[in-house]
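What follows is start.txt (compact mmCIF, N, CA and C atoms).
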# COMPACT_ATOMS: atom_id res chain seq x y z
N MET G 211 0.84 -1.17 0.00
CA MET G 211 0.00 0.00 0.00
C MET G 211 0.89 1.24 0.00
N VAL G 212 0.64 2.13 -0.91
CA VAL G 212 1.42 3.35 -1.01
C VAL G 212 0.67 4.47 -0.30
N GLN G 213 1.35 5.13 0.62
CA GLN G 213 0.76 6.26 1.30
C GLN G 213 1.11 7.53 0.54
N PHE G 214 0.25 8.50 0.67
CA PHE G 214 0.51 9.77 0.00
C PHE G 214 1.11 10.75 1.00
N TYR G 215 2.13 11.43 0.57
CA TYR G 215 2.83 12.38 1.41
C TYR G 215 2.74 13.76 0.78
N PRO G 216 2.92 14.80 1.57
CA PRO G 216 2.84 16.17 1.03
C PRO G 216 3.93 16.41 -0.02
N ALA G 217 3.52 16.53 -1.26
CA ALA G 217 4.46 16.64 -2.38
C ALA G 217 5.37 17.86 -2.26
N ALA G 218 4.82 19.00 -1.90
CA ALA G 218 5.63 20.21 -1.83
C ALA G 218 6.72 20.07 -0.77
N ARG G 219 6.37 19.48 0.36
CA ARG G 219 7.35 19.29 1.42
C ARG G 219 8.45 18.34 0.97
N PHE G 220 8.06 17.25 0.32
CA PHE G 220 9.05 16.30 -0.16
C PHE G 220 9.93 16.92 -1.23
N ASP G 221 9.33 17.69 -2.12
CA ASP G 221 10.13 18.36 -3.15
C ASP G 221 11.19 19.25 -2.50
N THR G 222 10.79 19.99 -1.48
CA THR G 222 11.73 20.88 -0.79
C THR G 222 12.82 20.08 -0.09
N SER G 223 12.43 19.02 0.59
CA SER G 223 13.40 18.19 1.32
C SER G 223 14.40 17.55 0.38
N PHE G 224 13.89 16.91 -0.68
CA PHE G 224 14.79 16.21 -1.59
C PHE G 224 15.66 17.20 -2.37
N ALA G 225 15.12 18.36 -2.69
CA ALA G 225 15.95 19.38 -3.35
C ALA G 225 17.07 19.83 -2.41
N ALA G 226 16.75 19.96 -1.13
CA ALA G 226 17.75 20.41 -0.16
C ALA G 226 18.88 19.40 -0.01
N ILE G 227 18.55 18.12 0.00
CA ILE G 227 19.60 17.11 0.22
C ILE G 227 20.18 16.56 -1.08
N SER G 228 19.73 17.11 -2.21
CA SER G 228 20.24 16.62 -3.50
C SER G 228 21.65 17.11 -3.79
N ASP G 229 22.08 18.12 -3.09
CA ASP G 229 23.39 18.72 -3.34
C ASP G 229 24.41 18.22 -2.32
N ALA G 230 25.58 17.83 -2.80
CA ALA G 230 26.64 17.30 -1.93
C ALA G 230 27.08 18.30 -0.87
N THR G 231 27.15 19.57 -1.23
CA THR G 231 27.56 20.59 -0.25
C THR G 231 26.54 20.67 0.87
N ARG G 232 25.26 20.68 0.53
CA ARG G 232 24.23 20.77 1.56
C ARG G 232 24.23 19.53 2.45
N ARG G 233 24.46 18.36 1.86
CA ARG G 233 24.57 17.16 2.69
C ARG G 233 25.78 17.28 3.62
N GLY G 234 26.86 17.83 3.10
CA GLY G 234 28.04 18.05 3.93
C GLY G 234 27.78 19.02 5.06
N VAL G 235 27.03 20.06 4.78
CA VAL G 235 26.67 21.03 5.82
C VAL G 235 25.86 20.34 6.92
N LEU G 236 24.91 19.50 6.53
CA LEU G 236 24.13 18.77 7.53
C LEU G 236 25.03 17.86 8.37
N GLU G 237 25.96 17.19 7.74
CA GLU G 237 26.90 16.34 8.48
C GLU G 237 27.72 17.18 9.45
N GLN G 238 28.21 18.31 8.99
CA GLN G 238 29.02 19.20 9.84
C GLN G 238 28.20 19.69 11.02
N LEU G 239 26.98 20.12 10.77
CA LEU G 239 26.14 20.64 11.85
C LEU G 239 25.69 19.53 12.79
N GLY G 240 25.71 18.30 12.32
CA GLY G 240 25.43 17.17 13.20
C GLY G 240 26.52 16.99 14.25
N ARG G 241 27.70 17.47 13.94
CA ARG G 241 28.82 17.40 14.90
C ARG G 241 28.87 18.62 15.81
N ALA G 242 28.60 19.80 15.25
CA ALA G 242 28.66 21.03 16.05
C ALA G 242 28.02 22.18 15.28
N ASP G 243 27.44 23.12 16.01
CA ASP G 243 26.92 24.33 15.39
C ASP G 243 28.08 25.07 14.74
N ALA G 244 27.77 25.86 13.72
CA ALA G 244 28.82 26.60 13.02
C ALA G 244 28.24 27.87 12.42
N SER G 245 29.07 28.87 12.30
CA SER G 245 28.64 30.11 11.64
C SER G 245 28.69 29.89 10.12
N ILE G 246 28.01 30.75 9.41
CA ILE G 246 28.05 30.67 7.95
C ILE G 246 29.48 30.89 7.46
N THR G 247 30.21 31.76 8.13
CA THR G 247 31.62 32.00 7.76
C THR G 247 32.44 30.72 7.93
N GLU G 248 32.26 30.02 9.04
CA GLU G 248 33.00 28.77 9.27
C GLU G 248 32.63 27.72 8.21
N LEU G 249 31.36 27.63 7.90
CA LEU G 249 30.92 26.67 6.88
C LEU G 249 31.50 27.03 5.52
N ALA G 250 31.48 28.32 5.18
CA ALA G 250 32.03 28.77 3.89
C ALA G 250 33.50 28.42 3.78
N GLU G 251 34.24 28.64 4.86
CA GLU G 251 35.67 28.31 4.86
C GLU G 251 35.87 26.80 4.71
N ARG G 252 35.11 26.04 5.45
CA ARG G 252 35.25 24.58 5.42
C ARG G 252 34.98 24.02 4.03
N PHE G 253 34.01 24.60 3.34
CA PHE G 253 33.63 24.11 2.01
C PHE G 253 34.25 24.92 0.88
N ASP G 254 35.15 25.82 1.25
CA ASP G 254 35.91 26.61 0.27
C ASP G 254 34.98 27.32 -0.72
N MET G 255 34.06 28.10 -0.17
CA MET G 255 33.16 28.88 -1.03
C MET G 255 32.93 30.25 -0.44
N THR G 256 32.28 31.08 -1.22
CA THR G 256 32.00 32.45 -0.77
C THR G 256 30.90 32.43 0.29
N LEU G 257 30.85 33.52 1.06
CA LEU G 257 29.79 33.65 2.05
C LEU G 257 28.41 33.66 1.37
N THR G 258 28.33 34.34 0.23
CA THR G 258 27.07 34.41 -0.50
C THR G 258 26.63 33.02 -0.96
N GLY G 259 27.56 32.24 -1.46
CA GLY G 259 27.24 30.88 -1.90
C GLY G 259 26.76 30.01 -0.75
N MET G 260 27.47 30.10 0.38
CA MET G 260 27.07 29.30 1.54
C MET G 260 25.73 29.75 2.08
N LYS G 261 25.49 31.06 2.08
CA LYS G 261 24.20 31.58 2.56
C LYS G 261 23.06 31.01 1.72
N LYS G 262 23.25 30.88 0.42
CA LYS G 262 22.22 30.30 -0.45
C LYS G 262 21.95 28.85 -0.07
N HIS G 263 23.01 28.09 0.19
CA HIS G 263 22.84 26.69 0.61
C HIS G 263 22.10 26.61 1.94
N VAL G 264 22.50 27.45 2.88
CA VAL G 264 21.86 27.43 4.21
C VAL G 264 20.39 27.84 4.10
N THR G 265 20.09 28.79 3.24
CA THR G 265 18.71 29.23 3.05
C THR G 265 17.84 28.08 2.55
N LEU G 266 18.33 27.30 1.61
CA LEU G 266 17.57 26.14 1.12
C LEU G 266 17.36 25.12 2.23
N LEU G 267 18.38 24.90 3.03
CA LEU G 267 18.25 23.96 4.15
C LEU G 267 17.25 24.49 5.19
N GLU G 268 17.24 25.80 5.38
CA GLU G 268 16.28 26.42 6.31
C GLU G 268 14.85 26.25 5.78
N GLN G 269 14.66 26.47 4.48
CA GLN G 269 13.32 26.34 3.90
C GLN G 269 12.78 24.92 4.06
N ALA G 270 13.67 23.95 4.07
CA ALA G 270 13.26 22.56 4.24
C ALA G 270 13.08 22.20 5.72
N GLY G 271 13.45 23.13 6.61
CA GLY G 271 13.32 22.88 8.04
C GLY G 271 14.45 22.04 8.61
N LEU G 272 15.50 21.85 7.84
CA LEU G 272 16.60 20.99 8.28
C LEU G 272 17.66 21.76 9.06
N VAL G 273 17.68 23.10 8.91
CA VAL G 273 18.66 23.95 9.58
C VAL G 273 17.93 25.18 10.11
N THR G 274 18.39 25.64 11.26
CA THR G 274 17.91 26.93 11.77
C THR G 274 19.13 27.82 11.97
N THR G 275 18.91 29.12 11.89
CA THR G 275 20.00 30.06 12.12
C THR G 275 19.57 31.08 13.17
N VAL G 276 20.56 31.52 13.91
CA VAL G 276 20.34 32.56 14.92
C VAL G 276 21.38 33.62 14.69
N LYS G 277 20.93 34.86 14.57
CA LYS G 277 21.87 35.97 14.34
C LYS G 277 22.12 36.68 15.66
N VAL G 278 23.39 36.71 16.02
CA VAL G 278 23.81 37.44 17.21
C VAL G 278 24.88 38.43 16.74
N GLY G 279 24.53 39.70 16.75
CA GLY G 279 25.44 40.72 16.23
C GLY G 279 25.59 40.52 14.73
N ARG G 280 26.82 40.35 14.30
CA ARG G 280 27.09 40.15 12.86
C ARG G 280 27.27 38.69 12.50
N VAL G 281 27.17 37.82 13.49
CA VAL G 281 27.42 36.39 13.26
C VAL G 281 26.10 35.63 13.20
N ARG G 282 25.93 34.87 12.13
CA ARG G 282 24.75 34.02 11.98
C ARG G 282 25.21 32.59 12.22
N THR G 283 24.73 32.01 13.34
CA THR G 283 25.10 30.64 13.71
C THR G 283 24.04 29.67 13.21
N CYS G 284 24.50 28.58 12.62
CA CYS G 284 23.62 27.55 12.07
C CYS G 284 23.64 26.33 12.98
N ARG G 285 22.49 25.68 13.08
CA ARG G 285 22.38 24.41 13.80
C ARG G 285 21.33 23.57 13.10
N LEU G 286 21.35 22.29 13.40
CA LEU G 286 20.34 21.42 12.80
C LEU G 286 18.96 21.88 13.22
N GLY G 287 18.02 21.81 12.29
CA GLY G 287 16.64 22.22 12.56
C GLY G 287 15.91 21.16 13.38
N GLY G 288 14.72 21.51 13.77
CA GLY G 288 13.93 20.59 14.59
C GLY G 288 13.28 19.47 13.81
N ARG G 289 13.27 19.59 12.50
CA ARG G 289 12.61 18.59 11.67
C ARG G 289 13.64 17.63 11.09
N GLY G 290 13.35 16.37 11.21
CA GLY G 290 14.20 15.36 10.60
C GLY G 290 13.62 14.92 9.27
N LEU G 291 14.12 13.84 8.78
CA LEU G 291 13.67 13.32 7.48
C LEU G 291 12.93 11.99 7.66
N GLU G 292 12.22 11.83 8.76
CA GLU G 292 11.54 10.57 9.05
C GLU G 292 10.50 10.20 7.99
N GLU G 293 9.66 11.16 7.60
CA GLU G 293 8.63 10.87 6.60
C GLU G 293 9.26 10.52 5.25
N GLU G 294 10.32 11.23 4.89
CA GLU G 294 11.01 10.94 3.64
C GLU G 294 11.64 9.55 3.69
N ALA G 295 12.22 9.22 4.84
CA ALA G 295 12.82 7.88 5.00
C ALA G 295 11.76 6.80 4.92
N ALA G 296 10.59 7.04 5.49
CA ALA G 296 9.49 6.07 5.42
C ALA G 296 9.03 5.89 3.98
N TRP G 297 8.96 6.97 3.23
CA TRP G 297 8.56 6.89 1.83
C TRP G 297 9.57 6.07 1.04
N ILE G 298 10.85 6.34 1.26
CA ILE G 298 11.90 5.59 0.58
C ILE G 298 11.84 4.11 0.97
N GLU G 299 11.60 3.84 2.25
CA GLU G 299 11.54 2.46 2.74
C GLU G 299 10.43 1.66 2.05
N GLN G 300 9.30 2.29 1.79
CA GLN G 300 8.22 1.59 1.08
C GLN G 300 8.69 1.09 -0.28
N TYR G 301 9.39 1.94 -0.98
CA TYR G 301 9.88 1.56 -2.30
C TYR G 301 11.03 0.58 -2.21
N ARG G 302 11.87 0.69 -1.18
CA ARG G 302 12.95 -0.28 -0.99
C ARG G 302 12.37 -1.66 -0.76
N GLN G 303 11.32 -1.76 0.07
CA GLN G 303 10.68 -3.04 0.33
C GLN G 303 10.04 -3.61 -0.94
N MET G 304 9.39 -2.75 -1.72
CA MET G 304 8.77 -3.21 -2.95
C MET G 304 9.81 -3.78 -3.90
N TRP G 305 10.92 -3.06 -4.07
CA TRP G 305 11.97 -3.54 -4.98
C TRP G 305 12.66 -4.78 -4.43
N ALA G 306 12.83 -4.86 -3.12
CA ALA G 306 13.44 -6.06 -2.53
C ALA G 306 12.55 -7.26 -2.81
N SER G 307 11.25 -7.10 -2.68
CA SER G 307 10.32 -8.18 -2.96
C SER G 307 10.39 -8.61 -4.42
N ARG G 308 10.44 -7.63 -5.30
CA ARG G 308 10.53 -7.95 -6.74
C ARG G 308 11.83 -8.67 -7.08
N PHE G 309 12.92 -8.24 -6.48
CA PHE G 309 14.20 -8.91 -6.73
C PHE G 309 14.21 -10.32 -6.14
N ASP G 310 13.55 -10.51 -4.99
CA ASP G 310 13.44 -11.86 -4.43
C ASP G 310 12.69 -12.78 -5.40
N GLU G 311 11.62 -12.27 -5.97
CA GLU G 311 10.85 -13.06 -6.95
C GLU G 311 11.69 -13.34 -8.19
N LEU G 312 12.44 -12.36 -8.63
CA LEU G 312 13.32 -12.55 -9.79
C LEU G 312 14.38 -13.60 -9.49
N ASP G 313 14.94 -13.59 -8.28
CA ASP G 313 15.91 -14.61 -7.88
C ASP G 313 15.30 -16.01 -7.97
N LYS G 314 14.04 -16.14 -7.57
CA LYS G 314 13.37 -17.44 -7.64
C LYS G 314 13.24 -17.91 -9.09
N VAL G 315 12.87 -17.00 -9.97
CA VAL G 315 12.73 -17.34 -11.39
C VAL G 315 14.08 -17.75 -11.97
N VAL G 316 15.12 -17.00 -11.64
CA VAL G 316 16.46 -17.32 -12.14
C VAL G 316 16.89 -18.69 -11.64
N GLU G 317 16.64 -18.98 -10.37
CA GLU G 317 17.00 -20.28 -9.81
C GLU G 317 16.24 -21.42 -10.50
N GLN G 318 14.95 -21.20 -10.77
CA GLN G 318 14.17 -22.20 -11.48
C GLN G 318 14.72 -22.44 -12.88
N LEU G 319 15.09 -21.36 -13.55
CA LEU G 319 15.66 -21.50 -14.89
C LEU G 319 17.00 -22.24 -14.85
N LYS G 320 17.81 -21.98 -13.86
CA LYS G 320 19.09 -22.68 -13.72
C LYS G 320 18.86 -24.17 -13.49
N GLN G 321 17.92 -24.48 -12.63
CA GLN G 321 17.62 -25.89 -12.35
C GLN G 321 17.09 -26.59 -13.59
N LYS G 322 16.24 -25.91 -14.32
CA LYS G 322 15.69 -26.48 -15.55
C LYS G 322 16.81 -26.70 -16.57
N GLU G 323 17.69 -25.73 -16.68
CA GLU G 323 18.81 -25.82 -17.61
C GLU G 323 19.73 -26.97 -17.22
N GLU G 324 20.01 -27.12 -15.93
CA GLU G 324 20.84 -28.20 -15.46
C GLU G 324 20.20 -29.56 -15.74
N SER G 325 18.92 -29.68 -15.48
CA SER G 325 18.25 -30.97 -15.72
C SER G 325 18.17 -31.27 -17.22
N ASN G 326 18.00 -30.26 -18.06
CA ASN G 326 18.01 -30.47 -19.52
C ASN G 326 19.39 -30.82 -20.01
N GLY G 327 20.40 -30.25 -19.40
CA GLY G 327 21.79 -30.54 -19.77
C GLY G 327 22.15 -31.97 -19.42
N ARG G 328 21.72 -32.46 -18.30
CA ARG G 328 22.00 -33.84 -17.89
C ARG G 328 21.27 -34.82 -18.80
N THR G 329 20.05 -34.48 -19.16
CA THR G 329 19.27 -35.37 -20.03
C THR G 329 19.90 -35.46 -21.40
N ALA G 330 20.35 -34.35 -21.91
CA ALA G 330 20.94 -34.33 -23.25
C ALA G 330 22.26 -35.09 -23.28
N SER G 331 23.04 -35.06 -22.22
CA SER G 331 24.34 -35.72 -22.23
C SER G 331 24.24 -37.19 -21.87
N GLU G 332 23.12 -37.66 -21.35
CA GLU G 332 22.99 -39.07 -20.95
C GLU G 332 22.73 -39.97 -22.12
Exercise: express the given structure as structure tokens:
Amino acid sequence: MVQFYPAARFDTSFAAISDATRRGVLEQLGRADASITELAERFDMTLTGMKKHVTLLEQAGLVTTVKVGRVRTCRLGGRGLEEEAAWIEQYRQMWASRFDELDKVVEQLKQKEESNGRTASE
């Protein structure tokens, strides 16, 4: 049974994690909060470029920022990717089931081929 999930939310989430830099930012923030300047230095990019990445992560609810003076500190947001993971898991299970069935067919064909090979050589 396929459940329906909010398409706009999923689009935003998957767009946010589709980029290697943004995934790296999430990994970094999983270890410790960091300023946009620190993230930009770590990923060797401009402040403007990093701010764009952080903004997309914020829109997805995966990162929050707090501005204190001139420093904007980033931390992981309150929302995880549980619903997205559940959606992916449904399809993983479906494909695993299909591959299990395919394995059975392949095994049957191998057995049939082996039995035909023995009959022909006898």
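Counting all atoms listed in the file and comparing G:Trp297, G:Cys284, G:Asp310, G:Val276, the residue that lies closest to G:Ile246 is G:Cys284.
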Subject >> Atomic distance atom C of G:Gly259 - atom C of G:Arg241, expressed in Å with one decimal >> reply: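 Distance reported for this atom pair: 20.2 Å.
The space between atom CA of G:Glu294 and atom C of G:Ser228 spans 14.4 Å.
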**OP:** Rounded to one decimal place, report the atom N of G:Arg233-atom N of G:Ser307 distance in Å.
**Re:**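 These atoms are spaced 29.0 Å apart.
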Original post:
Of the residues G:Lys320, G:Arg308, G:Arg285, G:Lys314, which is the one nearest to G:Gly240, using all atoms listed in the file?
Top reply: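 Nearest to G:Gly240: G:Arg285.
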Subject >> Distance query G:Ser223 at most 10 Å, only C-alpha atoms, self and fewer than 5 positions along chain excluded, as a ChimeraX atom specification >> reply: /G:217-218,228,266-267,269-272,290-291,294
Enclose stretch 285-300 of chain G, meaning all of its atoms listed in the file, in a box aligned along x, y and z, pad it by 6 Å on each side, and list the centre and edge lengths in Å to one decimal, as AutoDock Vina command-line options.
--center_x 15.4 --center_y 13.4 --center_z 7.2 --size_x 26.3 --size_y 36.6 --size_z 26.9
**OP:** Find the residue from G:Thr258, G:Asn326, G:Thr222, G:Thr283 that sits nearest to G:Ser245; use only N, CA and C atoms when measuring.
**Re:** G:Thr283
Subject >> Among the residues G:Leu286, G:Val281, G:Met255, G:Leu312, the one that comes closest to G:Leu236 [using all atoms listed in the file] >> reply: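 Once distances to G:Leu236 are computed over all atoms listed in the file, the minimum belongs to G:Leu286.
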Subject >> Residue set, chain G restricted to strand (DSSP E), as a VMD selection string >> reply: chain G and resid 244 to 245 273 to 278 281 to 286
Once N, CA, C and O atoms are restored for stretch 267-281 of chain G, what would the output be as a compact mmCIF listing (two decimals), keeping the file's coordinate frame?
# COMPACT_ATOMS: atom_id res chain seq x y z
N LEU G 267 18.38 24.90 3.03
CA LEU G 267 18.25 23.96 4.15
C LEU G 267 17.25 24.49 5.19
O LEU G 267 16.49 23.72 5.78
N GLU G 268 17.24 25.80 5.38
CA GLU G 268 16.28 26.42 6.31
C GLU G 268 14.85 26.25 5.78
O GLU G 268 13.94 25.92 6.55
N GLN G 269 14.66 26.47 4.48
CA GLN G 269 13.32 26.34 3.90
C GLN G 269 12.78 24.92 4.06
O GLN G 269 11.58 24.73 4.20
N ALA G 270 13.67 23.95 4.07
CA ALA G 270 13.26 22.56 4.24
C ALA G 270 13.08 22.20 5.72
O ALA G 270 12.64 21.11 6.04
N GLY G 271 13.45 23.13 6.61
CA GLY G 271 13.32 22.88 8.04
C GLY G 271 14.45 22.04 8.61
O GLY G 271 14.37 21.58 9.75
N LEU G 272 15.50 21.85 7.84
CA LEU G 272 16.60 20.99 8.28
C LEU G 272 17.66 21.76 9.06
O LEU G 272 18.47 21.17 9.77
N VAL G 273 17.68 23.10 8.91
CA VAL G 273 18.66 23.95 9.58
C VAL G 273 17.93 25.18 10.11
O VAL G 273 16.99 25.67 9.49
N THR G 274 18.39 25.64 11.26
CA THR G 274 17.91 26.93 11.77
C THR G 274 19.13 27.82 11.97
O THR G 274 20.25 27.32 12.17
N THR G 275 18.91 29.12 11.89
CA THR G 275 20.00 30.06 12.12
C THR G 275 19.57 31.08 13.17
O THR G 275 18.39 31.41 13.27
N VAL G 276 20.56 31.52 13.91
CA VAL G 276 20.34 32.56 14.92
C VAL G 276 21.38 33.62 14.69
O VAL G 276 22.58 33.32 14.60
N LYS G 277 20.93 34.86 14.57
CA LYS G 277 21.87 35.97 14.34
C LYS G 277 22.12 36.68 15.66
O LYS G 277 21.20 37.16 16.31
N VAL G 278 23.39 36.71 16.02
CA VAL G 278 23.81 37.44 17.21
C VAL G 278 24.88 38.43 16.74
O VAL G 278 25.97 38.03 16.34
N GLY G 279 24.53 39.70 16.75
CA GLY G 279 25.44 40.72 16.23
C GLY G 279 25.59 40.52 14.73
O GLY G 279 24.61 40.48 14.00
N ARG G 280 26.82 40.35 14.30
CA ARG G 280 27.09 40.15 12.86
C ARG G 280 27.27 38.69 12.50
O ARG G 280 27.50 38.37 11.35
N VAL G 281 27.17 37.82 13.49
CA VAL G 281 27.42 36.39 13.26
C VAL G 281 26.10 35.63 13.20
O VAL G 281 25.26 35.74 14.09
